[in-house]
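Dropping data-v6.cif in here (mmCIF, C-alpha atoms):
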```cif
data_input
#
loop_
_atom_site.label_atom_id
_atom_site.label_comp_id
_atom_site.auth_asym_id
_atom_site.auth_seq_id
_atom_site.Cartn_x
_atom_site.Cartn_y
_atom_site.Cartn_z
CA MET A 42 48.55 -15.80 44.29
CA ALA A 43 45.10 -14.96 45.66
CA GLU A 44 45.63 -11.33 44.62
CA GLU A 45 46.36 -12.39 41.00
CA THR A 46 43.20 -14.49 40.84
CA GLU A 47 41.15 -11.64 42.28
CA GLU A 48 42.64 -9.13 39.79
CA THR A 49 42.04 -11.52 36.87
CA ALA A 50 38.43 -12.07 37.92
CA THR A 51 37.90 -8.30 38.23
CA ALA A 52 39.44 -7.68 34.79
CA GLU A 53 37.23 -10.38 33.22
CA GLN A 54 34.12 -8.91 34.83
CA ALA A 55 34.94 -5.45 33.53
CA SER A 56 35.54 -6.44 29.90
CA PRO A 57 32.62 -5.77 27.56
CA ARG A 58 30.50 -8.75 26.60
CA LEU A 59 28.40 -9.01 23.46
CA GLN A 60 26.28 -12.04 22.65
CA ILE A 61 23.81 -12.55 19.83
CA VAL A 62 20.71 -14.21 21.25
CA ARG A 63 18.90 -14.40 17.89
CA GLN A 64 18.79 -12.73 14.52
CA TYR A 65 15.98 -12.64 12.01
CA ILE A 66 14.33 -10.92 9.08
CA ARG A 67 11.81 -8.40 10.43
CA ASP A 68 10.60 -7.31 7.00
CA LEU A 69 11.56 -8.13 3.43
CA SER A 70 10.17 -6.77 0.20
CA PHE A 71 11.45 -7.32 -3.33
CA GLU A 72 9.79 -5.89 -6.39
CA ASN A 73 10.98 -6.86 -9.87
CA VAL A 74 9.64 -3.83 -11.73
CA ALA A 75 11.32 -4.74 -15.02
CA ALA A 76 9.53 -8.10 -15.18
CA GLN A 77 6.18 -6.58 -14.21
CA LYS A 78 6.49 -4.05 -17.04
CA ASN A 79 7.85 -6.73 -19.38
CA THR A 80 10.77 -4.49 -20.34
CA GLY A 81 13.27 -7.32 -20.79
CA ASN A 82 16.95 -7.00 -19.97
CA PRO A 83 17.53 -3.42 -18.80
CA GLY A 84 21.33 -3.59 -19.19
CA GLN A 85 23.61 -2.37 -16.42
CA PRO A 86 21.41 -0.60 -13.83
CA GLU A 87 22.52 2.17 -11.49
CA ILE A 88 22.18 0.86 -7.94
CA THR A 89 21.68 3.00 -4.84
CA VAL A 90 21.90 1.65 -1.31
CA GLN A 91 20.49 3.45 1.72
CA VAL A 92 21.34 2.26 5.23
CA ASN A 93 19.45 3.08 8.41
CA LEU A 94 19.94 1.75 11.91
CA ASP A 95 17.67 1.53 14.90
CA ALA A 96 18.10 0.12 18.40
CA ARG A 97 15.62 -0.58 21.17
CA LYS A 98 16.09 -1.61 24.77
CA GLY A 99 14.53 -4.92 25.69
CA GLN A 100 14.64 -6.91 28.90
CA GLU A 101 17.52 -6.24 31.29
CA ASN A 102 20.72 -6.21 29.19
CA GLN A 103 19.01 -7.12 25.90
CA TYR A 104 18.80 -4.80 22.92
CA GLU A 105 17.21 -5.20 19.52
CA VAL A 106 19.31 -3.67 16.76
CA ILE A 107 17.79 -3.30 13.30
CA LEU A 108 19.80 -2.86 10.13
CA LYS A 109 17.59 -1.46 7.37
CA LEU A 110 18.67 -1.54 3.73
CA THR A 111 16.80 0.02 0.84
CA ILE A 112 18.27 -0.87 -2.53
CA ALA A 113 16.96 0.63 -5.76
CA ALA A 114 18.14 -0.25 -9.24
CA LYS A 115 17.38 2.04 -12.19
CA ALA A 116 18.30 1.89 -15.85
CA GLU A 117 17.65 4.83 -18.14
CA GLU A 118 15.60 6.54 -15.42
CA GLU A 119 13.28 3.51 -15.17
CA ALA A 120 13.02 1.38 -12.04
CA VAL A 121 14.42 -2.11 -12.49
CA PHE A 122 14.00 -3.51 -8.98
CA MET A 123 13.52 -2.40 -5.39
CA LEU A 124 14.60 -4.34 -2.32
CA GLU A 125 13.81 -3.37 1.25
CA LEU A 126 15.20 -5.43 4.10
CA ASP A 127 14.91 -4.92 7.86
CA TYR A 128 17.21 -7.41 9.56
CA ALA A 129 17.34 -7.51 13.34
CA GLY A 130 19.41 -9.04 16.06
CA ILE A 131 18.73 -9.45 19.75
CA PHE A 132 21.94 -8.82 21.67
CA VAL A 133 22.93 -9.22 25.30
CA ILE A 134 25.38 -6.46 26.16
CA GLU A 135 27.16 -6.30 29.49
CA ASN A 136 29.95 -4.22 31.01
CA VAL A 137 29.69 -1.38 28.51
CA PRO A 138 29.67 2.08 30.12
CA ASP A 139 26.51 4.11 29.47
CA GLU A 140 28.37 6.77 27.48
CA GLN A 141 29.71 4.06 25.13
CA LEU A 142 26.50 2.06 24.77
CA HIS A 143 24.99 4.04 21.88
CA PRO A 144 28.05 3.81 19.62
CA PHE A 145 28.42 0.16 20.59
CA LEU A 146 24.82 -0.52 19.50
CA MET A 147 25.16 1.48 16.27
CA ILE A 148 28.60 0.19 15.23
CA GLU A 149 29.46 -3.21 16.68
CA CYS A 150 26.03 -4.83 16.50
CA PRO A 151 25.33 -3.91 12.85
CA ARG A 152 28.87 -5.01 11.97
CA MET A 153 27.98 -8.47 13.27
CA LEU A 154 24.68 -8.56 11.37
CA PHE A 155 26.04 -7.32 8.04
CA PRO A 156 27.41 -10.61 6.61
CA TYR A 157 23.96 -12.17 6.96
CA VAL A 158 22.30 -9.14 5.37
CA ARG A 159 24.74 -9.33 2.46
CA ARG A 160 23.91 -13.01 1.90
CA ILE A 161 20.17 -12.34 1.96
CA VAL A 162 20.53 -9.52 -0.60
CA THR A 163 22.62 -11.76 -2.83
CA ASP A 164 20.09 -14.59 -2.64
CA VAL A 165 17.01 -12.39 -3.13
CA THR A 166 18.38 -10.53 -6.15
CA SER A 167 19.49 -13.80 -7.72
CA ASP A 168 16.13 -15.46 -7.00
CA GLY A 169 14.45 -12.33 -8.39
CA GLY A 170 15.99 -12.93 -11.82
CA PHE A 171 19.03 -10.65 -11.64
CA PRO A 172 22.74 -11.26 -11.23
CA PRO A 173 23.50 -11.66 -7.52
CA LEU A 174 24.10 -8.27 -5.89
CA ASN A 175 27.04 -8.30 -3.50
CA VAL A 176 26.65 -5.22 -1.27
CA ASP A 177 29.94 -3.44 -0.58
CA ASN A 178 31.21 -3.36 2.99
CA ILE A 179 29.64 -0.64 5.11
CA ASP A 180 31.85 1.47 7.36
CA PHE A 181 29.58 1.69 10.41
CA VAL A 182 32.04 3.96 12.23
CA GLN A 183 31.87 6.51 9.37
CA LEU A 184 28.09 6.10 9.19
CA TYR A 185 27.83 6.81 12.94
CA ARG A 186 30.07 9.87 12.69
CA ALA A 187 28.09 11.22 9.74
CA GLU A 188 24.85 10.84 11.70
CA LEU A 189 26.34 12.68 14.70
CA ALA A 190 27.50 15.49 12.39
CA ARG A 191 24.04 15.67 10.78
CA GLN A 192 22.38 15.89 14.20
CA ALA A 193 24.84 18.59 15.32
CA ALA A 194 24.19 20.64 12.18
CA GLU A 195 20.44 20.22 12.65
CA SER A 196 20.60 21.39 16.27
CA LYS A 197 22.60 24.49 15.19
CA LYS A 198 19.83 25.37 12.72
CA VAL A 199 17.22 25.12 15.45
CA ASN A 200 19.22 27.26 17.93
#
```

Same coordinates, now as structure tokens:
Amino acid sequence: MAEETEETATAEQASPRLQIVRQYIRDLSFENVAAQKNTGNPGQPEITVQVNLDARKGQENQYEVILKLTIAAKAEEEAVFMLELDYAGIFVIENVPDEQLHPFLMIECPRMLFPYVRRIVTDVTSDGGFPPLNVDNIDFVQLYRAELARQAAESKKVN
């Protein structure tokens, strides 16, 4: 019986732990270009979304992960609106091996932040005078793999 308790305690200690301490908007910018130029209803704009991620080590097991979205809407080659959002979370991460920490920070943490980012984008575009923009789900695993492939290709060019 004592062995089972000891094994259970060891297994619990070894399992990864992720806790959001806080999350917040680091930077937010929205520019309604169509209204500033008084161009009226631009029709159905073409929308592009760029995603960037950043992570920084804080105190002890704390990390700040930043999800950066840049959204541009254009209609007939004219800018309609531009939204830039840096949304951050402070995470406590424990029991994650060093070799798995980077993917954990770049995949799991942004995945937890994304629903809040989506809501902010929806609210800001709606408050900015446009139909609410619902950002499609982002595959953070694919985004991470694409970044690794880009870095590998870049290092081959240098060598």

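Minimum distance to A:Ala113 across A:Val90, A:Ala96, A:Ile161, A:Ala193 (counting all atoms listed in the file) occurs at A:Val90.
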
Quiz item: Interatomic distance between atom CA of A:Gly170 and atom CA of A:Tyr65?
Solution: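 Interatomic distance, atom CA of A:Gly170 to atom CA of A:Tyr65: 23.8 Å.
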
Quiz item: Counting all atoms listed in the file, which of A:Arg58, A:Lys109, A:Arg191, A:Lys78 gets nearest to A:Ala129?
Solution: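 Of the candidates, the smallest distance to A:Ala129 is held by A:Lys109.
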
Quiz item: atom CA of A:Glu119 and atom CA of A:Phe171 are how many Å apart?
Solution: 15.7 Å

Practice problem: Name the residues that the PyMOL selection byres ((chain A and resi 72) around 7) picks from the file above, as JSON, numbers by chain, using the file's chain letters and numbers. | Solution: {"A": [70, 71, 73, 74, 122, 123, 124]}

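Residues matching the PyMOL selection byres ((chain A and resi 134) around 8) in this structure come to Pro57, Arg58, Leu59, Gln60, Asn102, Gln103, Tyr104, Phe132, Val133, Glu135, Asn136 and Val137 of chain A.
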
Quiz item: If we count all atoms listed in the file, what is near A:Asp68 at a cut-off of 8 Å, once residues fewer than 5 positions away on the same chain are taken out, given as a list of chain:residue names?
Solution: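 The neighbour list is A:Glu125, A:Leu126, A:Asp127, A:Tyr128.
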
Practice problem: Any chance you could resolve the PyMOL selection byres ((chain A and resi 118) around 12) against this file and give the residues as a PyMOL selection string? | Solution: chain A and resi 83+86-88+113-117+119-121

Self-check item: Distance of atom CA of A:Phe181 from atom CA of A:Gly169, expressed in Å to one decimal place
Solution: 27.9 Å

Using the file's own x, y and z axes, so that the box edges lie along x, y and z, what centre and edge lengths in Å (one decimal) does a box around every listed atom of stretch 104-113 of chain A get when 4 Å is added on each side? Give it as AutoDock Vina command-line options.
```
--center_x 18.3 --center_y -2.3 --center_z 8.6 --size_x 11.0 --size_y 13.8 --size_z 36.7
```

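Of the listed residues (A:Ile112, A:Val199, A:Val162, A:Met147), A:Val162 comes nearest to A:Asn175; the distances count all atoms listed in the file.
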